[in-house]
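This report concerns only the one structure given below.
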Amino acid sequence: MISNRLRQKSTRHTAWLLILIVAFSLFTGCVTNEKTTYMQDYPESPYSGDYTPPENYLIIANDNLHVRVTTPDPRLSAIFNATREGGAMAVNEESTRLSSYTVQADGTVELPTIGPVAVGGKTLKEATETIEAVLADYVTDADVIVKLVNSSISILGDVRQPGLYPMYRDRLNIFEALSMAGDVGDFGDRYNVRIIRKSQEGSIVKEFDLTDKNIIDSEYYYIMPDDVIYVQPMKGKFLALNQFPYTVIFSSITAAISIIILIQNTAILNSQ
């Protein structure tokens, strides 16, 4: 009778151990609605609302610009455009990249025939007008097209489709950028999203909270070309049930507990 009671007591303890292990796994793998909801109302916010975003992107050193000059005379146009193997290049994505000009540290680009032209700190429209003004000394009926070749962003970390994405317009906000990558993953940390951005002084790293509604007043709400967006995983992600073969884990736990029960029962029988 005593042995049966001891066996039942041991079995109950082992069962409770199994329940606690399963409950702990479920609890640590749980992601609350608060952690995944964007733009919530917080009484206190680090974003003051004093920031005014720029209307357009400003060209900086190491940017790559595609500059194309067209005139009524194709031979005259060729003088002002980059060529390959002695002939004019067809206008397509590859030729745009190959015929681009790198903005130097002093903010200038070296153009054929024209020479260095200052474009640093200007918008694409202002750079176009500047080049047209310089061309006026050579030809009066030229049209200029200036495009930013490095107009792409990188999205990394806990997002559904990380990768390099092109920017098809100047003003792209952080939510639109993340939507291109399929949104933040279930276990991505929306409280601490990082952006690495180029500047005249070097790369800048900024962290901000996607769950704060006042993020729209942040200087990093709008994405710039060459930005790197990194969403770090939550600290408890490694315990998330949808990230592991949990059936195998639970089966292993059950098997281990069964072995423990068997050993305990054998020890009780041997002690009798």
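Ordered as shown in the structure tokens, chains take letters A, B, and onward, while each chain numbers its residues from 1 and ligands are numbered from 1 in the order shown.
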Taking the backbone alone, and naming residues the way the document does, which bits of range 27-240 of chain A are helix (DSSP H, G or I) by DSSP, as a PyMOL selection string? chain A and resi 27-28+33-36+74-80+93-98+124-135+174-180+213-217+237-239
Selection near Ser100 in chain A, 8 Å with only C-alpha atoms, sequence-local residues under 5 positions removed, as a ChimeraX atom specification: /A:64-67,149
Just N, CA and C atoms for this one: save the residues we selected as a PDB file, in the first residue's frame.
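The result, written out as selection_8.pdb:
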```pdb
ATOM      1  N   ASN A  64      26.144  57.886 -57.014  1.00  0.00           N
ATOM      2  CA  ASN A  64      26.372  57.647 -58.447  1.00  0.00           C
ATOM      3  C   ASN A  64      25.228  58.253 -59.244  1.00  0.00           C
ATOM      4  N   LEU A  65      25.576  59.159 -60.144  1.00  0.00           N
ATOM      5  CA  LEU A  65      24.572  59.861 -60.938  1.00  0.00           C
ATOM      6  C   LEU A  65      24.676  59.464 -62.406  1.00  0.00           C
ATOM      7  N   HIS A  66      23.518  59.221 -62.997  1.00  0.00           N
ATOM      8  CA  HIS A  66      23.452  59.040 -64.441  1.00  0.00           C
ATOM      9  C   HIS A  66      23.071  60.389 -65.044  1.00  0.00           C
ATOM     10  N   VAL A  67      23.912  60.901 -65.912  1.00  0.00           N
ATOM     11  CA  VAL A  67      23.667  62.198 -66.550  1.00  0.00           C
ATOM     12  C   VAL A  67      23.637  61.992 -68.062  1.00  0.00           C
ATOM     13  N   VAL A 149      21.581  56.642 -59.447  1.00  0.00           N
ATOM     14  CA  VAL A 149      21.714  55.230 -59.768  1.00  0.00           C
ATOM     15  C   VAL A 149      21.588  54.369 -58.515  1.00  0.00           C
TER      16      VAL A 149
END
```
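The interatomic distance for the pair CA of Ala177 in chain A and CA of Pro233 in chain A works out to 18.1 Å.
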Give me the residues within 7 Å of Thr211 in chain A as a short mmCIF file (atom, residue, chain, number, x, y, z; two decimals) with C-alpha atoms, in the first residue's frame, counting only C-alpha atoms and dropping any in the same chain fewer than 4 places off.
```cif
data_model
loop_
_atom_site.label_atom_id
_atom_site.label_comp_id
_atom_site.auth_asym_id
_atom_site.auth_seq_id
_atom_site.Cartn_x
_atom_site.Cartn_y
_atom_site.Cartn_z
CA THR A 37 0.85 46.85 -33.08
CA TYR A 38 2.19 49.88 -34.95
CA MET A 39 1.65 53.56 -34.10
CA GLN A 40 0.22 53.30 -30.59
CA ARG A 190 9.50 46.60 -33.26
CA TYR A 191 10.69 48.60 -30.25
#
```
